[in-house]
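Remarks on the structure that follows.
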Amino acid sequence: MERQVYERWLFCCLLFGFVFVLMLGELLAGLEYFRSALRYVMLASSWWSIITVTSLALLYFLITLLKTRSRSWQPGFALTPRETARTVLVVLSLWVYAAGFHDHSEPRLFDISHCMSVVVFITGILFGQIIDARIMRAGHDVFSFNRVSILFFLLFLAIASGVHEDFPYKYSEVTRWIGLWTNPNTFGLLMATGLILAFGLAILRTIWRPWLKALFCLIAAGLLGLGLLHSYSRGAWMAFGCGFLYLGCRAAPFAGNSAAGIFRWFRRNGLPVIVVLCSAGLVLFWQLYGAEHPIVRRLLSVGNANDFSWRNRVAAWQGSSVMIADRPLSGFGWGLSTATFNAYYRPAKMEEGGAVQTNDFYMIGSTLGLPALGCFLWFVGLSFKSSRWDDKTPYDWSRAICRAGALVLLIGFWFDGGLFKMATAVPFWILLELGAARDHKTPEVHQISAPAT
Amino acid sequence: MMQPQPSPVDAENNLSGRSPPSPGATRNRNCFCALCVFSRPGGFFLSLVLVFLGALFWAKEQDPFSRKWLTLKTVSVSSFKCVAVLPKPVQRRPVIIFAHGSGGSLMDDGFELRQMAELGLAVVSLEYDQTNEAAFPAAMVAMQQYLARQKWADTNAVAWVGFSLGANRMLDFALQYPTQQPRLLVQLSGAGLDQSTLNFQLATNLHCPILLIHGDQDEIFPVADTKRLASVLQTNGVPVALVIIPGLPHGMEPERGAVFRTIGEYCLSQLSGKKSAWENYHSIAHWQAEAPPFWLFCLPAFAWVAGWLVWWWRKQPQHPKMPFTCGEIILRWVAALLAICALAETAAHLLPPHFAVSERTLSIARKVLVQPKEKADFEALACQPIWNGQKLKTLLDHVELAGYNRSLINWQIDDKIYRDFVLAPVLEPSTNNSHLSTNLNWRRPLWEEFYPRIRHESSPEDAAKIVVRHLRERVTIATLPNPPREVPDIWLKQITDEAGFEIIYVAALRSVGVPSRLDAQNQAEFYDGTKWAAAPSPSVASF
């Protein structure tokens with residue numbers, strides 16, 4: 001085989017292997033030798049931590065430099081706004097992390113979860129760089145094995161969705177499924193992501209064939225949907241709804257002239273349609289309020305004042321907001337955010353402050369400060385913005401699928417967290433980078449129009 | 001570099017290969033797009049940013065404390081960290097300097113600092129070097145110098161509170177630097193000093209009042225040492241108060257919160273005078289209730305969205321309308337009818353609870369608001385002659401929350417006992433009409449506060465112990481000229497006298513499903529499933 005084909009399959013295997021291993025991250029983190037190795041690297045002494053941080057920073061800049069040079073063959077940096085955002089974000093993270101170690105040398109403040117969070121966060125960004133660099137070299141080719149990877153990813157998720165033990169996560173008397181993971185919200189979020197990817201690939205295969213793969217995707221979607229439903233994770237349900245809406249909006253141009261007619265009609269009658277939908281939703285809400293069915297009850301529990309789950313989250317957001325307002329520029333440093341919240345900012349009525357870890361946006365803000373939060377949002381925003389949608393090719397649709405998947409995870413990070421968990425962070429960074437990929441090869445080679453429907 | 005982005009409309013026109021929409025359709029399309037302000041990413045993100053910033057300012061306003069994170073330098077140029085927790089509004093207040101125990105850190109002090117600061121004291125904690133005893137005096141001197149420069153610190157009213165190792169270090173420092181002694185020294189689980197040295201030094205150096213607090217189950221420093229210390233201090237004419245708390249270990253768990261609140265109360269009454277201490281007391285619950293509402297902080301976001309809509313509307317060219325097709329007219333009629341139905345149903349659910357209880361509102365409640373499983377409780381409560389002037393919401397809250405809580409707790413309650421001593425909102429015995437409650441709206445705040453803490457308990461007795469402990473952490477018992485006696489008032493002001501405490505204690509027990517009442521002596525008692533028994537008393541009432 002040609003070298004390029006070898007490279008492609010090697011990368012595909014690496015990608016899938018990485019995802020596979022890190023999907024099991026929570027299990028891996030439970031292994032003692034892994035924990036002690038990580039502790040050794042991150043906690044042995046402040047010198048080790050500084051060396052680690054410096055190495056990561058150097059590695060990051062090396063990758064950025066190589067990528068930039070390979071693109072332009074010119075000395076110096078020629079970063080796009082998105083790369084600049086990412087650079088600032090990484091440097092901010094590393095700086096605050098190092099500063100945190102310098103200020104607080106007591107190892108007990110830095111337990112394994114704090115180490116994991118920084119490793120996951122920075123590794124995610126670094127891995128994104130590698131994917132980005134690969135996409136720059138491979139152009140559209142990356143999407144062909146990206147789709148293969150997604151198929152394997154779906155297969156893995158579909159199998160994992162069926163694994164559920166009697167774990168003590170219950171909603172009323174109903175057991176919440178957790179699959180291979182330790183938390184139903186993580187499980188639900190992964191199922192929602194998988195479901196969006198499955199739907200997207202099914203549409204892709206319906207348009208561009210072969211249908212057999214579309215059938216596989218639909219079966220996977222069924223299994224994943226079942227898992228999503230039984231996770232009883234409201235954040236994941238909502239994230240799926242938003243992802244589905246996004247995918248629907250992006251699907252319309254691919255559907256040809258009939259879709260254009262529907263869009264025209266919707267533009268003219270959008271307001272009454274929205275009124276009908278909202279009114280029907282409101283009427284249904286009041287009619288079903290107090291219903292006994294667990295899924296309906298769970299769905300409507302966001303309007304239930306007696307539900308401590310969402311009220312604790314809101315109280316935690318409030319406390320985190322005060323933290324951000326108190327230290328808007330630097331934050332409280334890695335690993336100190338949760339402890340500081342519990343000690344100084346937790347409202348008196350909250351019995352325990354675990355809810356503060358469920359919102360990653362507030363977590364970044366209170367840990368690294370508003371500049372880092374702004375930079376993260378800037379970076380994500382640019383990732384969603386940086387493509388043209390004037391081609392109707394499988395590659396564009398692949399990008400749309402990846403973006404929808406990343407959007408699902410992003411919304412899930414607001415309600416349940418996951419940016420600092422390996423199981424959800426890795427798919428997020430990969431999907432974000434793949435969704436943001438731009439065509440670096442000559443476009444005429446890949447102009448494959450969608451068949452008219 | 002990034003390419004310039006086509007607008008979504010242009011892109012979709014290009015993709016579908018159609019011509020731009022006719023002028024007649026433009027106005028209708030605009031109606032939709034104008035409402036979909038969020039379809040424009042820039043506008044969407046700016047409105048989100050404004051809401052987010054509004055939330056930050058609102059949360060800051062709601063927060064009853066101001067925290068200062070400091071790094072102070074000693075004369076030997078070594079530095080140490082401190083945290084000051086100041087109640088709002090930040091003004092001149094009595095100060096407590098707190099030193100934590102061995103193994104403690106600033107991260108562990110937050111709860112204790114807030115417990116004491118709640119009472120209106122400025123509380124400062126320092127991260128002293130626990131391994132170098134000689135460094136402590138320099139840190140304390142630096143701290144006092146810092147406080148002398150602060151406007152919020154009343155340096156004539158300073159108390160030192162030390163726990164364990166911190167208590168020992170503070171006592172050492174007071175002995176070594178007699179001129180720096182505070183107005184009050186509180187030693188919590190301390191007393192690890194050599195007796196012979198102590199005796200000599202105390203005779204000459206110590207002159208500030210001392211409060212010694214010790215648990216009789218202390219496994220680190222025996223309680224006998226503290227008793228001996230108190231005796232020596234008394235012999236030397238030092239004003240000393242000794243409090244031995246039965247059943248508590250060295251760390252004062254599980255009563256730590258109540259102990260620190262009581263220490264704060266003691267310090268405040270000693271530093272500000274017993275009378276004025278409670279006259280100006282402003283609870284944090286009161287502070288939060290007075291804070292401006294969230295919507296006020298969202299006004300910039302609303303204003304921006306409204307301004308954007310107006311600007312966008314004016315920007316659009318005026319075109320004649322295209323006539324609607326039959327289907328479109330039907331769609332609009334359906335939308336209007338459904339909207340009316342939805343609004344009517346929403347109004348039926350949300351408005352009546354805000355009206356006073358009357359035959360009419362009760363009738364609406366029976367039809368719309370009360371779930372079938374709650375009907376019996378509702379009728380039992382509604383027929384009582386206590387609802388004159390009360391809002392329907394209060395009645396509904398009692399029925400709903402008591403029933404919901406009953407389904408959650410791990411013990412069974414007989415129907416009659418439940419209705420008379422859990423569901424009933426009037427707490428005083430019917431014979432004692434002079435103090436009969438008029439404000440019955442207490443169940444929700446108490447349930448939200450106490451239920452999460454007792455949810456794993458399996459008996460009313462265990463739940464009662466937790467309730468009284470947490471209640472004491474939140475409410476001060478003091479002798480007041482006009483103490484609040486209504487439960488919502490007590491909860492809001494977080495202060496009452498002993499009789500008021502018993503009343504709110506009964507309310508708190510009922511809110512979590514423990515049948516309870518006031519006995520003939522107005523003391524709280526609860527039903528343990530077989531008999532009525534005196535409810536557990538707080539371990540620490542006052543010093």
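Convention: chains lettered A, B, ... in structure tokens order; per-chain residue numbering from 1; ligands numbered from 1 as shown.
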Compute the chain A side of the contact with chain B at 6 Å, counting only C-alpha atoms, and hand it back as a ChimeraX atom specification. /A:80,253,260,267-268,270-272,275-276,279,282-283,318,321-322,343-344,349
Store the residues picked out above, limited to N, CA, C and O atoms, as a compact mmCIF listing (two decimals), in the first residue's frame.
# COMPACT_ATOMS: atom_id res chain seq x y z
N THR A 80 -4.07 31.97 13.06
CA THR A 80 -5.43 32.44 12.82
C THR A 80 -6.01 32.90 14.15
O THR A 80 -5.46 32.56 15.20
N PRO A 253 -30.15 22.43 3.66
CA PRO A 253 -29.56 22.69 2.33
C PRO A 253 -29.24 21.41 1.56
O PRO A 253 -29.21 21.44 0.33
N ALA A 260 -36.04 23.68 0.39
CA ALA A 260 -36.08 25.13 0.19
C ALA A 260 -37.52 25.64 0.28
O ALA A 260 -37.78 26.70 0.85
N ARG A 267 -40.37 30.52 6.84
CA ARG A 267 -40.01 31.92 7.02
C ARG A 267 -41.26 32.79 7.06
O ARG A 267 -41.35 33.75 7.82
N ARG A 268 -42.24 32.44 6.23
CA ARG A 268 -43.46 33.22 6.17
C ARG A 268 -44.35 32.97 7.38
O ARG A 268 -45.02 33.86 7.85
N GLY A 270 -43.35 31.42 10.34
CA GLY A 270 -42.56 31.01 11.50
C GLY A 270 -43.18 31.44 12.82
O GLY A 270 -43.23 30.65 13.78
N LEU A 271 -43.67 32.67 12.88
CA LEU A 271 -44.20 33.19 14.13
C LEU A 271 -45.39 32.37 14.63
O LEU A 271 -45.39 31.92 15.79
N PRO A 272 -46.42 32.17 13.78
CA PRO A 272 -47.54 31.34 14.28
C PRO A 272 -47.12 29.92 14.63
O PRO A 272 -47.65 29.34 15.59
N VAL A 275 -45.65 30.07 18.00
CA VAL A 275 -46.72 30.28 19.00
C VAL A 275 -47.45 28.97 19.25
O VAL A 275 -47.73 28.60 20.41
N VAL A 276 -47.76 28.24 18.18
CA VAL A 276 -48.45 26.96 18.34
C VAL A 276 -47.61 26.00 19.18
O VAL A 276 -48.11 25.38 20.13
N SER A 279 -47.41 27.25 22.86
CA SER A 279 -48.69 27.11 23.55
C SER A 279 -48.98 25.65 23.83
O SER A 279 -49.42 25.30 24.94
N LEU A 282 -46.93 24.52 26.67
CA LEU A 282 -47.41 25.04 27.96
C LEU A 282 -48.64 24.28 28.43
O LEU A 282 -48.75 23.89 29.61
N VAL A 283 -49.56 24.05 27.49
CA VAL A 283 -50.78 23.30 27.85
C VAL A 283 -50.41 21.90 28.30
O VAL A 283 -50.92 21.40 29.33
N GLN A 318 -24.82 30.62 41.65
CA GLN A 318 -24.80 31.90 42.35
C GLN A 318 -23.48 32.06 43.13
O GLN A 318 -22.83 33.11 43.06
N SER A 321 -20.64 32.64 40.82
CA SER A 321 -20.66 34.00 40.28
C SER A 321 -19.97 34.96 41.24
O SER A 321 -19.21 35.84 40.82
N VAL A 322 -20.23 34.77 42.54
CA VAL A 322 -19.57 35.65 43.53
C VAL A 322 -18.07 35.42 43.50
O VAL A 322 -17.27 36.36 43.60
N ALA A 343 -15.81 26.28 51.38
CA ALA A 343 -15.46 26.95 52.63
C ALA A 343 -16.06 28.35 52.72
O ALA A 343 -16.54 28.73 53.78
N TYR A 344 -16.03 29.09 51.63
CA TYR A 344 -16.32 30.52 51.75
C TYR A 344 -17.55 30.99 50.97
O TYR A 344 -18.05 32.07 51.23
N LYS A 349 -27.83 27.31 53.07
CA LYS A 349 -28.89 26.31 52.97
C LYS A 349 -28.43 25.05 52.21
O LYS A 349 -29.06 24.01 52.30
Excluding stretch 196-208 of chain A and any residue of its chain fewer than 2 positions from it, enumerate the residues within 7 Å of it, using only C-alpha atoms, and give them as a ChimeraX atom specification. /A:154,192-194,210-211,213-214,217-218,220-221,243-244,394,401,404-405
Residue subset to file, keeping N, CA, C and O atoms, as a PDB file, in the first residue's frame:
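That gives us result.pdb:
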ATOM      1  N   LEU A 154     -19.590   4.757  17.567  1.00  0.00           N
ATOM      2  CA  LEU A 154     -21.008   4.456  17.756  1.00  0.00           C
ATOM      3  C   LEU A 154     -21.200   3.012  18.204  1.00  0.00           C
ATOM      4  O   LEU A 154     -22.003   2.719  19.091  1.00  0.00           O
ATOM      5  N   ALA A 192     -26.310  10.850  24.184  1.00  0.00           N
ATOM      6  CA  ALA A 192     -26.886  11.932  23.366  1.00  0.00           C
ATOM      7  C   ALA A 192     -25.947  12.273  22.208  1.00  0.00           C
ATOM      8  O   ALA A 192     -26.393  12.464  21.071  1.00  0.00           O
ATOM      9  N   THR A 193     -24.655  12.326  22.501  1.00  0.00           N
ATOM     10  CA  THR A 193     -23.678  12.623  21.446  1.00  0.00           C
ATOM     11  C   THR A 193     -23.707  11.527  20.382  1.00  0.00           C
ATOM     12  O   THR A 193     -23.740  11.805  19.177  1.00  0.00           O
ATOM     13  N   GLY A 194     -23.693  10.292  20.865  1.00  0.00           N
ATOM     14  CA  GLY A 194     -23.727   9.166  19.937  1.00  0.00           C
ATOM     15  C   GLY A 194     -24.985   9.184  19.092  1.00  0.00           C
ATOM     16  O   GLY A 194     -24.947   8.899  17.888  1.00  0.00           O
ATOM     17  N   PRO A 210     -23.647   3.786   1.149  1.00  0.00           N
ATOM     18  CA  PRO A 210     -24.548   2.654   1.002  1.00  0.00           C
ATOM     19  C   PRO A 210     -25.580   2.620   2.128  1.00  0.00           C
ATOM     20  O   PRO A 210     -25.298   3.028   3.242  1.00  0.00           O
ATOM     21  N   TRP A 211     -26.733   2.070   1.788  1.00  0.00           N
ATOM     22  CA  TRP A 211     -27.855   2.055   2.728  1.00  0.00           C
ATOM     23  C   TRP A 211     -27.618   1.139   3.915  1.00  0.00           C
ATOM     24  O   TRP A 211     -28.202   1.301   4.966  1.00  0.00           O
ATOM     25  N   LYS A 213     -25.057   0.833   5.722  1.00  0.00           N
ATOM     26  CA  LYS A 213     -24.471   1.588   6.835  1.00  0.00           C
ATOM     27  C   LYS A 213     -25.525   2.472   7.484  1.00  0.00           C
ATOM     28  O   LYS A 213     -25.494   2.701   8.693  1.00  0.00           O
ATOM     29  N   ALA A 214     -26.433   2.969   6.652  1.00  0.00           N
ATOM     30  CA  ALA A 214     -27.520   3.779   7.221  1.00  0.00           C
ATOM     31  C   ALA A 214     -28.349   2.934   8.185  1.00  0.00           C
ATOM     32  O   ALA A 214     -28.752   3.397   9.257  1.00  0.00           O
ATOM     33  N   CYS A 217     -26.519   2.517  11.351  1.00  0.00           N
ATOM     34  CA  CYS A 217     -26.589   3.741  12.151  1.00  0.00           C
ATOM     35  C   CYS A 217     -27.937   3.867  12.844  1.00  0.00           C
ATOM     36  O   CYS A 217     -28.021   4.311  13.996  1.00  0.00           O
ATOM     37  N   LEU A 218     -29.002   3.474  12.140  1.00  0.00           N
ATOM     38  CA  LEU A 218     -30.330   3.582  12.749  1.00  0.00           C
ATOM     39  C   LEU A 218     -30.480   2.604  13.915  1.00  0.00           C
ATOM     40  O   LEU A 218     -31.099   2.942  14.937  1.00  0.00           O
ATOM     41  N   ALA A 220     -28.017   1.543  15.753  1.00  0.00           N
ATOM     42  CA  ALA A 220     -27.213   2.151  16.828  1.00  0.00           C
ATOM     43  C   ALA A 220     -27.984   3.279  17.484  1.00  0.00           C
ATOM     44  O   ALA A 220     -27.998   3.417  18.713  1.00  0.00           O
ATOM     45  N   ALA A 221     -28.670   4.081  16.644  1.00  0.00           N
ATOM     46  CA  ALA A 221     -29.440   5.208  17.183  1.00  0.00           C
ATOM     47  C   ALA A 221     -30.521   4.704  18.140  1.00  0.00           C
ATOM     48  O   ALA A 221     -30.770   5.309  19.188  1.00  0.00           O
ATOM     49  N   GLY A 243     -28.859  19.793  19.868  1.00  0.00           N
ATOM     50  CA  GLY A 243     -28.035  19.214  18.802  1.00  0.00           C
ATOM     51  C   GLY A 243     -28.888  18.796  17.620  1.00  0.00           C
ATOM     52  O   GLY A 243     -28.511  19.003  16.456  1.00  0.00           O
ATOM     53  N   PHE A 244     -30.034  18.238  17.929  1.00  0.00           N
ATOM     54  CA  PHE A 244     -30.945  17.777  16.875  1.00  0.00           C
ATOM     55  C   PHE A 244     -31.446  18.969  16.053  1.00  0.00           C
ATOM     56  O   PHE A 244     -31.525  18.903  14.823  1.00  0.00           O
ATOM     57  N   PRO A 394     -20.296  15.498   0.991  1.00  0.00           N
ATOM     58  CA  PRO A 394     -20.277  14.667   2.208  1.00  0.00           C
ATOM     59  C   PRO A 394     -19.366  15.269   3.267  1.00  0.00           C
ATOM     60  O   PRO A 394     -19.590  15.087   4.460  1.00  0.00           O
ATOM     61  N   ILE A 401     -22.073  17.151  11.246  1.00  0.00           N
ATOM     62  CA  ILE A 401     -22.324  16.107  12.256  1.00  0.00           C
ATOM     63  C   ILE A 401     -21.407  16.329  13.460  1.00  0.00           C
ATOM     64  O   ILE A 401     -21.838  16.282  14.615  1.00  0.00           O
ATOM     65  N   ALA A 404     -22.486  19.239  15.490  1.00  0.00           N
ATOM     66  CA  ALA A 404     -23.686  18.939  16.287  1.00  0.00           C
ATOM     67  C   ALA A 404     -23.298  18.124  17.524  1.00  0.00           C
ATOM     68  O   ALA A 404     -23.799  18.371  18.628  1.00  0.00           O
ATOM     69  N   GLY A 405     -22.396  17.159  17.327  1.00  0.00           N
ATOM     70  CA  GLY A 405     -21.936  16.351  18.467  1.00  0.00           C
ATOM     71  C   GLY A 405     -21.230  17.209  19.505  1.00  0.00           C
ATOM     72  O   GLY A 405     -21.471  17.089  20.712  1.00  0.00           O
TER      73      GLY A 405
END
Hey, which bits of stretch 114-156 of chain B sit within 9 Å of stretch 258-277 of chain B, and for each residue what's the closest pair of atoms and how far apart in Å (one decimal), counting only C-alpha atoms, rows by chain and increasing number, as a Markdown table?
| residue | atom | partner | partner_atom | distance |
| --- | --- | --- | --- | --- |
| B:Gln115 | CA | B:Arg261 | CA | 5.4 |
| B:Met116 | CA | B:Gly264 | CA | 4.6 |
| B:Ala117 | CA | B:Gly264 | CA | 7.6 |
| B:Glu118 | CA | B:Arg261 | CA | 8.4 |
| B:Leu119 | CA | B:Gly264 | CA | 6.6 |
| B:Gly120 | CA | B:Leu268 | CA | 7.9 |
| B:Leu121 | CA | B:Leu268 | CA | 7.1 |
| B:Asn156 | CA | B:Leu271 | CA | 8.7 |
Run DSSP on the backbone and grab whatever in stretch 271-397 of chain A lands in alpha helix (DSSP H); send it over as a VMD selection string. chain A and resid 271 to 288 294 to 300 308 to 326 337 to 340 360 to 368 370 to 385 394 to 397
Correct to one decimal, the distance atom CA of A:Glu433-atom CA of A:Leu190 is 17.6 Å
